[in-house]
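Listing of work.txt; format and content: compact mmCIF, N, CA and C atoms.
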# COMPACT_ATOMS: atom_id res chain seq x y z
N MET A 951 45.15 -66.17 -36.56
CA MET A 951 45.00 -67.33 -35.72
C MET A 951 46.35 -67.67 -35.10
N PRO A 952 46.40 -67.79 -33.79
CA PRO A 952 47.67 -68.15 -33.17
C PRO A 952 48.17 -69.49 -33.68
N ARG A 953 49.48 -69.57 -33.92
CA ARG A 953 50.08 -70.79 -34.44
C ARG A 953 49.83 -71.97 -33.52
N LYS A 954 49.82 -71.74 -32.22
CA LYS A 954 49.60 -72.81 -31.24
C LYS A 954 48.27 -73.49 -31.48
N MET A 955 47.21 -72.71 -31.75
CA MET A 955 45.89 -73.29 -31.97
C MET A 955 45.87 -74.11 -33.26
N GLN A 956 46.51 -73.60 -34.32
CA GLN A 956 46.55 -74.33 -35.57
C GLN A 956 47.27 -75.65 -35.41
N GLY A 957 48.31 -75.67 -34.60
CA GLY A 957 49.11 -76.87 -34.41
C GLY A 957 48.33 -78.04 -33.84
N ARG A 958 47.24 -77.78 -33.15
CA ARG A 958 46.44 -78.84 -32.56
C ARG A 958 45.81 -79.73 -33.63
N ASN A 959 45.53 -79.18 -34.77
CA ASN A 959 44.87 -79.95 -35.83
C ASN A 959 45.84 -80.61 -36.80
N VAL A 960 47.13 -80.36 -36.67
CA VAL A 960 48.09 -80.94 -37.61
C VAL A 960 48.08 -82.47 -37.55
N PRO A 961 48.13 -83.09 -36.36
CA PRO A 961 48.08 -84.56 -36.34
C PRO A 961 46.77 -85.10 -36.93
N LEU A 962 45.67 -84.41 -36.67
CA LEU A 962 44.38 -84.83 -37.24
C LEU A 962 44.41 -84.72 -38.76
N ALA A 963 44.95 -83.62 -39.27
CA ALA A 963 45.04 -83.43 -40.72
C ALA A 963 45.88 -84.53 -41.35
N ARG A 964 46.99 -84.89 -40.71
CA ARG A 964 47.84 -85.96 -41.24
C ARG A 964 47.09 -87.28 -41.27
N ALA A 965 46.33 -87.56 -40.22
CA ALA A 965 45.56 -88.80 -40.18
C ALA A 965 44.47 -88.80 -41.25
N LEU A 966 43.81 -87.66 -41.44
CA LEU A 966 42.75 -87.57 -42.44
C LEU A 966 43.28 -87.75 -43.86
N ARG A 967 44.52 -87.35 -44.10
CA ARG A 967 45.12 -87.56 -45.43
C ARG A 967 45.22 -89.04 -45.77
N LEU A 968 45.33 -89.87 -44.74
CA LEU A 968 45.43 -91.32 -44.94
C LEU A 968 44.06 -91.98 -45.03
N GLN A 969 43.00 -91.24 -44.69
CA GLN A 969 41.66 -91.80 -44.63
C GLN A 969 40.68 -91.08 -45.56
N MET A 970 41.19 -90.53 -46.64
CA MET A 970 40.32 -89.76 -47.53
C MET A 970 39.28 -90.68 -48.16
N SER A 971 38.10 -90.12 -48.37
CA SER A 971 37.02 -90.85 -49.03
C SER A 971 37.34 -90.99 -50.53
N LEU A 972 36.64 -91.90 -51.19
CA LEU A 972 36.86 -92.08 -52.63
C LEU A 972 36.65 -90.78 -53.41
N PRO A 973 35.58 -90.03 -53.17
CA PRO A 973 35.43 -88.76 -53.91
C PRO A 973 36.59 -87.80 -53.65
N GLU A 974 37.09 -87.75 -52.41
CA GLU A 974 38.22 -86.87 -52.11
C GLU A 974 39.48 -87.34 -52.85
N VAL A 975 39.71 -88.64 -52.89
CA VAL A 975 40.88 -89.17 -53.59
C VAL A 975 40.80 -88.84 -55.08
N LEU A 976 39.62 -89.05 -55.67
CA LEU A 976 39.46 -88.77 -57.10
C LEU A 976 39.67 -87.29 -57.41
N LEU A 977 39.13 -86.44 -56.54
CA LEU A 977 39.30 -85.00 -56.75
C LEU A 977 40.76 -84.60 -56.55
N TRP A 978 41.42 -85.17 -55.56
CA TRP A 978 42.83 -84.85 -55.32
C TRP A 978 43.69 -85.25 -56.51
N GLN A 979 43.37 -86.36 -57.14
CA GLN A 979 44.11 -86.78 -58.33
C GLN A 979 44.05 -85.73 -59.43
N GLU A 980 42.94 -85.00 -59.49
CA GLU A 980 42.77 -83.95 -60.49
C GLU A 980 43.41 -82.62 -60.06
N LEU A 981 43.38 -82.33 -58.75
CA LEU A 981 43.84 -81.02 -58.27
C LEU A 981 45.33 -80.98 -57.93
N ARG A 982 45.92 -82.12 -57.66
CA ARG A 982 47.35 -82.12 -57.30
C ARG A 982 48.18 -81.72 -58.51
N GLY A 983 49.31 -81.16 -58.27
CA GLY A 983 50.17 -80.75 -59.38
C GLY A 983 49.85 -79.37 -59.92
N ALA A 984 49.05 -78.60 -59.20
CA ALA A 984 48.75 -77.21 -59.55
C ALA A 984 48.22 -77.03 -60.97
N PRO A 985 47.00 -77.56 -61.26
CA PRO A 985 46.44 -77.36 -62.60
C PRO A 985 46.28 -75.87 -62.92
N ASP A 986 46.69 -75.48 -64.11
CA ASP A 986 46.64 -74.08 -64.56
C ASP A 986 47.34 -73.13 -63.57
N GLY A 987 48.31 -73.65 -62.84
CA GLY A 987 49.06 -72.83 -61.89
C GLY A 987 48.36 -72.61 -60.57
N VAL A 988 47.23 -73.28 -60.34
CA VAL A 988 46.47 -73.12 -59.09
C VAL A 988 46.86 -74.25 -58.15
N LYS A 989 47.49 -73.88 -57.03
CA LYS A 989 47.99 -74.87 -56.08
C LYS A 989 46.96 -75.13 -54.97
N PHE A 990 46.79 -76.40 -54.66
CA PHE A 990 45.87 -76.83 -53.61
C PHE A 990 46.61 -77.61 -52.54
N ARG A 991 46.08 -77.52 -51.34
CA ARG A 991 46.53 -78.35 -50.22
C ARG A 991 45.36 -79.26 -49.86
N ARG A 992 45.65 -80.46 -49.43
CA ARG A 992 44.57 -81.35 -48.98
C ARG A 992 44.62 -81.50 -47.48
N GLN A 993 43.45 -81.64 -46.89
CA GLN A 993 43.32 -81.79 -45.44
C GLN A 993 44.17 -80.74 -44.72
N HIS A 994 43.84 -79.49 -44.99
CA HIS A 994 44.60 -78.34 -44.49
C HIS A 994 44.02 -77.84 -43.16
N PRO A 995 44.82 -77.85 -42.08
CA PRO A 995 44.31 -77.37 -40.79
C PRO A 995 44.25 -75.85 -40.74
N ILE A 996 43.15 -75.34 -40.21
CA ILE A 996 43.00 -73.90 -39.99
C ILE A 996 42.02 -73.70 -38.83
N GLY A 997 42.43 -72.94 -37.84
CA GLY A 997 41.58 -72.75 -36.67
C GLY A 997 41.25 -74.09 -36.03
N HIS A 998 39.97 -74.28 -35.76
CA HIS A 998 39.50 -75.54 -35.16
C HIS A 998 39.15 -76.57 -36.23
N TYR A 999 39.40 -76.27 -37.47
CA TYR A 999 38.91 -77.10 -38.57
C TYR A 999 40.04 -77.68 -39.41
N VAL A 1000 39.69 -78.71 -40.17
CA VAL A 1000 40.57 -79.26 -41.19
C VAL A 1000 39.77 -79.21 -42.50
N LEU A 1001 40.28 -78.47 -43.46
CA LEU A 1001 39.59 -78.27 -44.74
C LEU A 1001 39.94 -79.41 -45.68
N ASP A 1002 38.95 -79.90 -46.43
CA ASP A 1002 39.21 -80.98 -47.39
C ASP A 1002 40.28 -80.54 -48.38
N PHE A 1003 40.08 -79.39 -49.01
CA PHE A 1003 41.05 -78.83 -49.96
C PHE A 1003 41.09 -77.32 -49.75
N TYR A 1004 42.26 -76.73 -49.96
CA TYR A 1004 42.40 -75.30 -49.76
C TYR A 1004 43.36 -74.72 -50.78
N CYS A 1005 42.94 -73.63 -51.41
CA CYS A 1005 43.79 -72.86 -52.32
C CYS A 1005 44.10 -71.55 -51.59
N ALA A 1006 45.34 -71.44 -51.10
CA ALA A 1006 45.72 -70.28 -50.30
C ALA A 1006 45.72 -68.99 -51.11
N ASN A 1007 46.20 -69.04 -52.36
CA ASN A 1007 46.27 -67.82 -53.17
C ASN A 1007 44.90 -67.22 -53.41
N ALA A 1008 43.90 -68.05 -53.64
CA ALA A 1008 42.54 -67.56 -53.90
C ALA A 1008 41.70 -67.49 -52.64
N LYS A 1009 42.22 -68.04 -51.52
CA LYS A 1009 41.47 -68.13 -50.26
C LYS A 1009 40.15 -68.86 -50.50
N VAL A 1010 40.25 -70.05 -51.10
CA VAL A 1010 39.08 -70.87 -51.40
C VAL A 1010 39.23 -72.22 -50.70
N CYS A 1011 38.19 -72.59 -50.00
CA CYS A 1011 38.10 -73.89 -49.34
C CYS A 1011 37.11 -74.73 -50.14
N VAL A 1012 37.46 -75.98 -50.41
CA VAL A 1012 36.57 -76.89 -51.12
C VAL A 1012 36.23 -78.03 -50.16
N GLU A 1013 34.95 -78.20 -49.89
CA GLU A 1013 34.48 -79.28 -49.02
C GLU A 1013 33.68 -80.26 -49.86
N VAL A 1014 34.05 -81.52 -49.78
CA VAL A 1014 33.33 -82.59 -50.47
C VAL A 1014 32.35 -83.17 -49.47
N ASP A 1015 31.06 -82.96 -49.73
CA ASP A 1015 30.02 -83.35 -48.80
C ASP A 1015 29.32 -84.64 -49.22
N GLY A 1016 29.41 -85.63 -48.36
CA GLY A 1016 28.68 -86.87 -48.56
C GLY A 1016 27.32 -86.80 -47.89
N PHE A 1017 26.66 -87.92 -47.83
CA PHE A 1017 25.31 -88.02 -47.26
C PHE A 1017 25.25 -87.52 -45.82
N SER A 1018 26.29 -87.77 -45.05
CA SER A 1018 26.27 -87.42 -43.62
C SER A 1018 26.10 -85.93 -43.38
N HIS A 1019 26.43 -85.11 -44.35
CA HIS A 1019 26.31 -83.66 -44.18
C HIS A 1019 24.86 -83.20 -44.19
N ASP A 1020 23.94 -84.10 -44.54
CA ASP A 1020 22.52 -83.76 -44.55
C ASP A 1020 21.78 -84.29 -43.33
N THR A 1021 22.48 -84.94 -42.42
CA THR A 1021 21.80 -85.60 -41.30
C THR A 1021 22.21 -85.00 -39.96
N GLY A 1022 21.37 -85.25 -38.97
CA GLY A 1022 21.66 -84.82 -37.60
C GLY A 1022 21.93 -83.34 -37.49
N ASP A 1023 22.96 -83.01 -36.72
CA ASP A 1023 23.30 -81.60 -36.51
C ASP A 1023 24.35 -81.10 -37.51
N ARG A 1024 24.70 -81.93 -38.49
CA ARG A 1024 25.74 -81.55 -39.46
C ARG A 1024 25.40 -80.28 -40.24
N PRO A 1025 24.15 -80.11 -40.71
CA PRO A 1025 23.87 -78.86 -41.43
C PRO A 1025 24.17 -77.61 -40.59
N GLU A 1026 23.80 -77.65 -39.31
CA GLU A 1026 24.06 -76.50 -38.44
C GLU A 1026 25.56 -76.32 -38.20
N ARG A 1027 26.27 -77.42 -37.98
CA ARG A 1027 27.72 -77.35 -37.77
C ARG A 1027 28.42 -76.84 -39.02
N ASP A 1028 27.97 -77.31 -40.19
CA ASP A 1028 28.56 -76.83 -41.45
C ASP A 1028 28.32 -75.34 -41.63
N LEU A 1029 27.14 -74.88 -41.26
CA LEU A 1029 26.82 -73.45 -41.37
C LEU A 1029 27.73 -72.62 -40.48
N LEU A 1030 27.92 -73.05 -39.23
CA LEU A 1030 28.81 -72.33 -38.32
C LEU A 1030 30.24 -72.31 -38.85
N ARG A 1031 30.67 -73.43 -39.39
CA ARG A 1031 32.03 -73.54 -39.96
C ARG A 1031 32.17 -72.58 -41.14
N ASP A 1032 31.16 -72.59 -42.04
CA ASP A 1032 31.20 -71.71 -43.21
C ASP A 1032 31.22 -70.24 -42.80
N GLU A 1033 30.45 -69.89 -41.78
CA GLU A 1033 30.42 -68.51 -41.31
C GLU A 1033 31.78 -68.11 -40.74
N TRP A 1034 32.41 -69.00 -39.97
CA TRP A 1034 33.73 -68.70 -39.41
C TRP A 1034 34.75 -68.52 -40.53
N LEU A 1035 34.74 -69.43 -41.49
CA LEU A 1035 35.68 -69.33 -42.61
C LEU A 1035 35.45 -68.05 -43.40
N ASP A 1036 34.19 -67.71 -43.62
CA ASP A 1036 33.86 -66.47 -44.33
C ASP A 1036 34.42 -65.25 -43.58
N ALA A 1037 34.32 -65.27 -42.25
CA ALA A 1037 34.85 -64.17 -41.44
C ALA A 1037 36.37 -64.07 -41.57
N GLN A 1038 37.02 -65.17 -41.94
CA GLN A 1038 38.47 -65.17 -42.16
C GLN A 1038 38.81 -64.77 -43.59
N GLY A 1039 37.78 -64.49 -44.40
CA GLY A 1039 38.00 -64.12 -45.79
C GLY A 1039 38.15 -65.31 -46.72
N ILE A 1040 37.72 -66.48 -46.26
CA ILE A 1040 37.84 -67.70 -47.05
C ILE A 1040 36.49 -68.05 -47.66
N ASN A 1041 36.49 -68.20 -48.97
CA ASN A 1041 35.29 -68.58 -49.72
C ASN A 1041 35.14 -70.10 -49.67
N VAL A 1042 33.95 -70.58 -49.32
CA VAL A 1042 33.72 -72.02 -49.19
C VAL A 1042 32.89 -72.53 -50.36
N LEU A 1043 33.43 -73.53 -51.03
CA LEU A 1043 32.68 -74.24 -52.07
C LEU A 1043 32.31 -75.60 -51.52
N ARG A 1044 31.04 -75.92 -51.50
CA ARG A 1044 30.59 -77.25 -51.07
C ARG A 1044 30.19 -78.02 -52.31
N ILE A 1045 30.81 -79.18 -52.49
CA ILE A 1045 30.58 -80.02 -53.66
C ILE A 1045 30.02 -81.35 -53.19
N ALA A 1046 28.94 -81.79 -53.78
CA ALA A 1046 28.36 -83.09 -53.42
C ALA A 1046 29.31 -84.21 -53.85
N ALA A 1047 29.52 -85.15 -52.96
CA ALA A 1047 30.39 -86.29 -53.26
C ALA A 1047 29.89 -87.03 -54.50
N SER A 1048 28.58 -87.12 -54.66
CA SER A 1048 28.02 -87.82 -55.82
C SER A 1048 28.41 -87.12 -57.12
N ASP A 1049 28.50 -85.79 -57.11
CA ASP A 1049 28.93 -85.06 -58.31
C ASP A 1049 30.39 -85.34 -58.64
N VAL A 1050 31.22 -85.44 -57.61
CA VAL A 1050 32.63 -85.75 -57.83
C VAL A 1050 32.76 -87.15 -58.43
N LEU A 1051 31.98 -88.09 -57.91
CA LEU A 1051 32.05 -89.46 -58.43
C LEU A 1051 31.64 -89.54 -59.90
N LYS A 1052 30.68 -88.70 -60.28
CA LYS A 1052 30.21 -88.72 -61.68
C LYS A 1052 31.27 -88.18 -62.63
N SER A 1053 31.94 -87.10 -62.23
CA SER A 1053 32.91 -86.49 -63.15
C SER A 1053 33.95 -85.67 -62.38
N PRO A 1054 34.94 -86.34 -61.81
CA PRO A 1054 35.94 -85.60 -61.03
C PRO A 1054 36.70 -84.57 -61.86
N ALA A 1055 36.98 -84.86 -63.12
CA ALA A 1055 37.73 -83.91 -63.96
C ALA A 1055 36.92 -82.63 -64.19
N GLU A 1056 35.63 -82.76 -64.47
CA GLU A 1056 34.79 -81.57 -64.69
C GLU A 1056 34.66 -80.75 -63.41
N ILE A 1057 34.49 -81.42 -62.28
CA ILE A 1057 34.39 -80.70 -61.01
C ILE A 1057 35.70 -79.97 -60.73
N ALA A 1058 36.82 -80.63 -60.93
CA ALA A 1058 38.12 -80.00 -60.70
C ALA A 1058 38.31 -78.79 -61.60
N GLN A 1059 37.91 -78.90 -62.87
CA GLN A 1059 38.04 -77.76 -63.79
C GLN A 1059 37.20 -76.58 -63.32
N ALA A 1060 36.00 -76.86 -62.83
CA ALA A 1060 35.13 -75.79 -62.32
C ALA A 1060 35.75 -75.14 -61.09
N ILE A 1061 36.35 -75.92 -60.22
CA ILE A 1061 37.00 -75.39 -59.03
C ILE A 1061 38.17 -74.51 -59.42
N VAL A 1062 38.99 -74.97 -60.34
CA VAL A 1062 40.15 -74.19 -60.80
C VAL A 1062 39.68 -72.88 -61.41
N ARG A 1063 38.65 -72.93 -62.24
CA ARG A 1063 38.12 -71.68 -62.84
C ARG A 1063 37.65 -70.71 -61.74
N HIS A 1064 36.99 -71.24 -60.73
CA HIS A 1064 36.51 -70.40 -59.63
C HIS A 1064 37.70 -69.74 -58.92
N CYS A 1065 38.73 -70.52 -58.65
CA CYS A 1065 39.91 -69.97 -57.97
C CYS A 1065 40.60 -68.91 -58.83
N LEU A 1066 40.69 -69.14 -60.12
CA LEU A 1066 41.31 -68.17 -61.03
C LEU A 1066 40.51 -66.87 -61.10
N SER A 1067 39.20 -66.95 -60.90
CA SER A 1067 38.35 -65.76 -60.98
C SER A 1067 38.44 -64.89 -59.72
N ARG A 1068 39.01 -65.42 -58.66
CA ARG A 1068 39.14 -64.65 -57.41
C ARG A 1068 40.42 -63.91 -57.45

For this file, write the structure as structure tokens.
Amino acid sequence: MPRKMQGRNVPLARALRLQMSLPEVLLWQELRGAPDGVKFRRQHPIGHYVLDFYCANAKVCVEVDGFSHDTGDRPERDLLRDEWLDAQGINVLRIAASDVLKSPAEIAQAIVRHCLSR
């Protein structure tokens, strides 16, 4: 991906870091600090997208999906995004926001295990 194209999303990524949803904040509290040596970035720009969380070493993207991902054209847009990321060699994990709210530590542990297995 040309650096110029990635640069377009940097201001958006910075703004999104300040506007994270509660499930994203709770998950970030668990993932920050490289648990088990697995480092994550939050609101990471790539291509035309900004990923909720990204583990570069494992090439894993974690998307926290709230209710809006089930409405309107979001399912189709998410599918296109997932296909593009897959073509870049990036594995996409979609996690329901409600699951994160129930147990952010357990979700984070599962994500870390997944990244370690890649």

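The two atoms in question, atom N of A:Cys1005 and atom CA of A:Gln993, are spaced 10.1 Å apart.
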
From the DSSP assignment of the backbone, select every residue of chain A that is alpha helix (DSSP H), and format the answer as an NGL selection string. :A and (953-957 or 960-968 or 972-981 or 1024-1037 or 1047-1052 or 1054-1067)

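The residue that comes closest to A:Glu974, out of A:Ala1047, A:Leu1030, A:Ala1060, A:Ile996 and on the basis of all atoms listed in the file, is A:Ala1047.
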
Write out as a ChimeraX atom specification each polymer residue whose atoms come within 8 Å of stretch 983-988 of chain A, counting all atoms listed in the file; drop sequence neighbours fewer than 5 positions from it. /A:978,1005-1008,1062,1065-1066

Could you go through chain A and tell me which residues DSSP, when run on the backbone, assigns to strand (DSSP E or B), listing them as a PDB file with N, CA and C atoms, keeping the file's coordinate frame?
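Output file part_39.pdb follows:
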ATOM      1  N   ARG A 991      46.080 -77.520 -51.340  1.00  0.00           N
ATOM      2  CA  ARG A 991      46.530 -78.350 -50.220  1.00  0.00           C
ATOM      3  C   ARG A 991      45.360 -79.260 -49.860  1.00  0.00           C
ATOM      4  N   ARG A 992      45.650 -80.460 -49.430  1.00  0.00           N
ATOM      5  CA  ARG A 992      44.570 -81.350 -48.980  1.00  0.00           C
ATOM      6  C   ARG A 992      44.620 -81.500 -47.480  1.00  0.00           C
ATOM      7  N   GLN A 993      43.450 -81.640 -46.890  1.00  0.00           N
ATOM      8  CA  GLN A 993      43.320 -81.790 -45.440  1.00  0.00           C
ATOM      9  C   GLN A 993      44.170 -80.740 -44.720  1.00  0.00           C
ATOM     10  N   HIS A 994      43.840 -79.490 -44.990  1.00  0.00           N
ATOM     11  CA  HIS A 994      44.600 -78.340 -44.490  1.00  0.00           C
ATOM     12  C   HIS A 994      44.020 -77.840 -43.160  1.00  0.00           C
ATOM     13  N   PRO A 995      44.820 -77.850 -42.080  1.00  0.00           N
ATOM     14  CA  PRO A 995      44.310 -77.370 -40.790  1.00  0.00           C
ATOM     15  C   PRO A 995      44.250 -75.850 -40.740  1.00  0.00           C
ATOM     16  N   ILE A 996      43.150 -75.340 -40.210  1.00  0.00           N
ATOM     17  CA  ILE A 996      43.000 -73.900 -39.990  1.00  0.00           C
ATOM     18  C   ILE A 996      42.020 -73.700 -38.830  1.00  0.00           C
ATOM     19  N   TYR A 999      39.400 -76.270 -37.470  1.00  0.00           N
ATOM     20  CA  TYR A 999      38.910 -77.100 -38.570  1.00  0.00           C
ATOM     21  C   TYR A 999      40.040 -77.680 -39.410  1.00  0.00           C
ATOM     22  N   VAL A1000      39.690 -78.710 -40.170  1.00  0.00           N
ATOM     23  CA  VAL A1000      40.570 -79.260 -41.190  1.00  0.00           C
ATOM     24  C   VAL A1000      39.770 -79.210 -42.500  1.00  0.00           C
ATOM     25  N   LEU A1001      40.280 -78.470 -43.460  1.00  0.00           N
ATOM     26  CA  LEU A1001      39.590 -78.270 -44.740  1.00  0.00           C
ATOM     27  C   LEU A1001      39.940 -79.410 -45.680  1.00  0.00           C
ATOM     28  N   ASP A1002      38.950 -79.900 -46.430  1.00  0.00           N
ATOM     29  CA  ASP A1002      39.210 -80.980 -47.390  1.00  0.00           C
ATOM     30  C   ASP A1002      40.280 -80.540 -48.380  1.00  0.00           C
ATOM     31  N   PHE A1003      40.080 -79.390 -49.010  1.00  0.00           N
ATOM     32  CA  PHE A1003      41.050 -78.830 -49.960  1.00  0.00           C
ATOM     33  C   PHE A1003      41.090 -77.320 -49.750  1.00  0.00           C
ATOM     34  N   TYR A1004      42.260 -76.730 -49.960  1.00  0.00           N
ATOM     35  CA  TYR A1004      42.400 -75.300 -49.760  1.00  0.00           C
ATOM     36  C   TYR A1004      43.360 -74.720 -50.780  1.00  0.00           C
ATOM     37  N   CYS A1005      42.940 -73.630 -51.410  1.00  0.00           N
ATOM     38  CA  CYS A1005      43.790 -72.860 -52.320  1.00  0.00           C
ATOM     39  C   CYS A1005      44.100 -71.550 -51.590  1.00  0.00           C
ATOM     40  N   VAL A1010      40.250 -70.050 -51.100  1.00  0.00           N
ATOM     41  CA  VAL A1010      39.080 -70.870 -51.400  1.00  0.00           C
ATOM     42  C   VAL A1010      39.230 -72.220 -50.700  1.00  0.00           C
ATOM     43  N   CYS A1011      38.190 -72.590 -50.000  1.00  0.00           N
ATOM     44  CA  CYS A1011      38.100 -73.890 -49.340  1.00  0.00           C
ATOM     45  C   CYS A1011      37.110 -74.730 -50.140  1.00  0.00           C
ATOM     46  N   VAL A1012      37.460 -75.980 -50.410  1.00  0.00           N
ATOM     47  CA  VAL A1012      36.570 -76.890 -51.120  1.00  0.00           C
ATOM     48  C   VAL A1012      36.230 -78.030 -50.160  1.00  0.00           C
ATOM     49  N   GLU A1013      34.950 -78.200 -49.890  1.00  0.00           N
ATOM     50  CA  GLU A1013      34.480 -79.280 -49.020  1.00  0.00           C
ATOM     51  C   GLU A1013      33.680 -80.260 -49.860  1.00  0.00           C
ATOM     52  N   VAL A1014      34.050 -81.520 -49.780  1.00  0.00           N
ATOM     53  CA  VAL A1014      33.330 -82.590 -50.470  1.00  0.00           C
ATOM     54  C   VAL A1014      32.350 -83.170 -49.470  1.00  0.00           C
ATOM     55  N   ASP A1015      31.060 -82.960 -49.730  1.00  0.00           N
ATOM     56  CA  ASP A1015      30.020 -83.350 -48.800  1.00  0.00           C
ATOM     57  C   ASP A1015      29.320 -84.640 -49.220  1.00  0.00           C
ATOM     58  N   ASN A1041      36.490 -68.200 -48.970  1.00  0.00           N
ATOM     59  CA  ASN A1041      35.290 -68.580 -49.720  1.00  0.00           C
ATOM     60  C   ASN A1041      35.140 -70.100 -49.670  1.00  0.00           C
ATOM     61  N   VAL A1042      33.950 -70.580 -49.320  1.00  0.00           N
ATOM     62  CA  VAL A1042      33.720 -72.020 -49.190  1.00  0.00           C
ATOM     63  C   VAL A1042      32.890 -72.530 -50.360  1.00  0.00           C
ATOM     64  N   LEU A1043      33.430 -73.530 -51.030  1.00  0.00           N
ATOM     65  CA  LEU A1043      32.680 -74.240 -52.070  1.00  0.00           C
ATOM     66  C   LEU A1043      32.310 -75.600 -51.520  1.00  0.00           C
ATOM     67  N   ARG A1044      31.040 -75.920 -51.500  1.00  0.00           N
ATOM     68  CA  ARG A1044      30.590 -77.250 -51.070  1.00  0.00           C
ATOM     69  C   ARG A1044      30.190 -78.020 -52.310  1.00  0.00           C
ATOM     70  N   ILE A1045      30.810 -79.180 -52.490  1.00  0.00           N
ATOM     71  CA  ILE A1045      30.580 -80.020 -53.660  1.00  0.00           C
ATOM     72  C   ILE A1045      30.020 -81.350 -53.190  1.00  0.00           C
ATOM     73  N   ALA A1046      28.940 -81.790 -53.780  1.00  0.00           N
ATOM     74  CA  ALA A1046      28.360 -83.090 -53.420  1.00  0.00           C
ATOM     75  C   ALA A1046      29.310 -84.210 -53.850  1.00  0.00           C
TER      76      ALA A1046
END

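If you measure from each of A:Leu976, A:Val1012, A:Leu1029, A:Val1000 to A:Asn959 using all atoms listed in the file, the closest one turns out to be A:Val1000.
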
Find, counting only C-alpha atoms, the residue in A:Ala1037, A:Leu1051, A:Leu1043, A:Val1010 that gets nearest to A:Ser971. A:Leu1051

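When atom CA of A:Ala1046 is paired with atom CA of A:Val975, their separation reads 13.9 Å.
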
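We find atom CA of A:Gln969 and atom N of A:Ile1045 to be spaced 18.4 Å apart.
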
For A:Gln979, find every residue with an atom within 12 Å (counting only C-alpha atoms), except residues of its own chain fewer than 6 positions away, and show them as a PyMOL selection string. chain A and resi 970+972-973+985+990-992+1003+1050+1054-1055+1057-1058

Output stretch 1035-1046 of chain A with N, CA, C and O atoms present, as a PDB file, in the coordinates of the input.
ATOM      1  N   LEU A1035      34.740 -69.430 -41.490  1.00  0.00           N
ATOM      2  CA  LEU A1035      35.680 -69.330 -42.610  1.00  0.00           C
ATOM      3  C   LEU A1035      35.450 -68.050 -43.400  1.00  0.00           C
ATOM      4  O   LEU A1035      36.401 -67.372 -43.794  1.00  0.00           O
ATOM      5  N   ASP A1036      34.190 -67.710 -43.620  1.00  0.00           N
ATOM      6  CA  ASP A1036      33.860 -66.470 -44.330  1.00  0.00           C
ATOM      7  C   ASP A1036      34.420 -65.250 -43.580  1.00  0.00           C
ATOM      8  O   ASP A1036      34.946 -64.320 -44.193  1.00  0.00           O
ATOM      9  N   ALA A1037      34.320 -65.270 -42.250  1.00  0.00           N
ATOM     10  CA  ALA A1037      34.850 -64.170 -41.440  1.00  0.00           C
ATOM     11  C   ALA A1037      36.370 -64.070 -41.570  1.00  0.00           C
ATOM     12  O   ALA A1037      36.951 -62.996 -41.363  1.00  0.00           O
ATOM     13  N   GLN A1038      37.020 -65.170 -41.940  1.00  0.00           N
ATOM     14  CA  GLN A1038      38.470 -65.170 -42.160  1.00  0.00           C
ATOM     15  C   GLN A1038      38.810 -64.770 -43.590  1.00  0.00           C
ATOM     16  O   GLN A1038      39.976 -64.773 -43.985  1.00  0.00           O
ATOM     17  N   GLY A1039      37.780 -64.490 -44.400  1.00  0.00           N
ATOM     18  CA  GLY A1039      38.000 -64.120 -45.790  1.00  0.00           C
ATOM     19  C   GLY A1039      38.150 -65.310 -46.720  1.00  0.00           C
ATOM     20  O   GLY A1039      38.638 -65.168 -47.841  1.00  0.00           O
ATOM     21  N   ILE A1040      37.720 -66.480 -46.260  1.00  0.00           N
ATOM     22  CA  ILE A1040      37.840 -67.700 -47.050  1.00  0.00           C
ATOM     23  C   ILE A1040      36.490 -68.050 -47.660  1.00  0.00           C
ATOM     24  O   ILE A1040      35.490 -68.189 -46.949  1.00  0.00           O
ATOM     25  N   ASN A1041      36.490 -68.200 -48.970  1.00  0.00           N
ATOM     26  CA  ASN A1041      35.290 -68.580 -49.720  1.00  0.00           C
ATOM     27  C   ASN A1041      35.140 -70.100 -49.670  1.00  0.00           C
ATOM     28  O   ASN A1041      36.101 -70.821 -49.916  1.00  0.00           O
ATOM     29  N   VAL A1042      33.950 -70.580 -49.320  1.00  0.00           N
ATOM     30  CA  VAL A1042      33.720 -72.020 -49.190  1.00  0.00           C
ATOM     31  C   VAL A1042      32.890 -72.530 -50.360  1.00  0.00           C
ATOM     32  O   VAL A1042      31.818 -72.005 -50.644  1.00  0.00           O
ATOM     33  N   LEU A1043      33.430 -73.530 -51.030  1.00  0.00           N
ATOM     34  CA  LEU A1043      32.680 -74.240 -52.070  1.00  0.00           C
ATOM     35  C   LEU A1043      32.310 -75.600 -51.520  1.00  0.00           C
ATOM     36  O   LEU A1043      33.194 -76.364 -51.112  1.00  0.00           O
ATOM     37  N   ARG A1044      31.040 -75.920 -51.500  1.00  0.00           N
ATOM     38  CA  ARG A1044      30.590 -77.250 -51.070  1.00  0.00           C
ATOM     39  C   ARG A1044      30.190 -78.020 -52.310  1.00  0.00           C
ATOM     40  O   ARG A1044      29.348 -77.573 -53.084  1.00  0.00           O
ATOM     41  N   ILE A1045      30.810 -79.180 -52.490  1.00  0.00           N
ATOM     42  CA  ILE A1045      30.580 -80.020 -53.660  1.00  0.00           C
ATOM     43  C   ILE A1045      30.020 -81.350 -53.190  1.00  0.00           C
ATOM     44  O   ILE A1045      30.602 -81.968 -52.277  1.00  0.00           O
ATOM     45  N   ALA A1046      28.940 -81.790 -53.780  1.00  0.00           N
ATOM     46  CA  ALA A1046      28.360 -83.090 -53.420  1.00  0.00           C
ATOM     47  C   ALA A1046      29.310 -84.210 -53.850  1.00  0.00           C
ATOM     48  O   ALA A1046      29.832 -84.194 -54.972  1.00  0.00           O
TER      49      ALA A1046
END
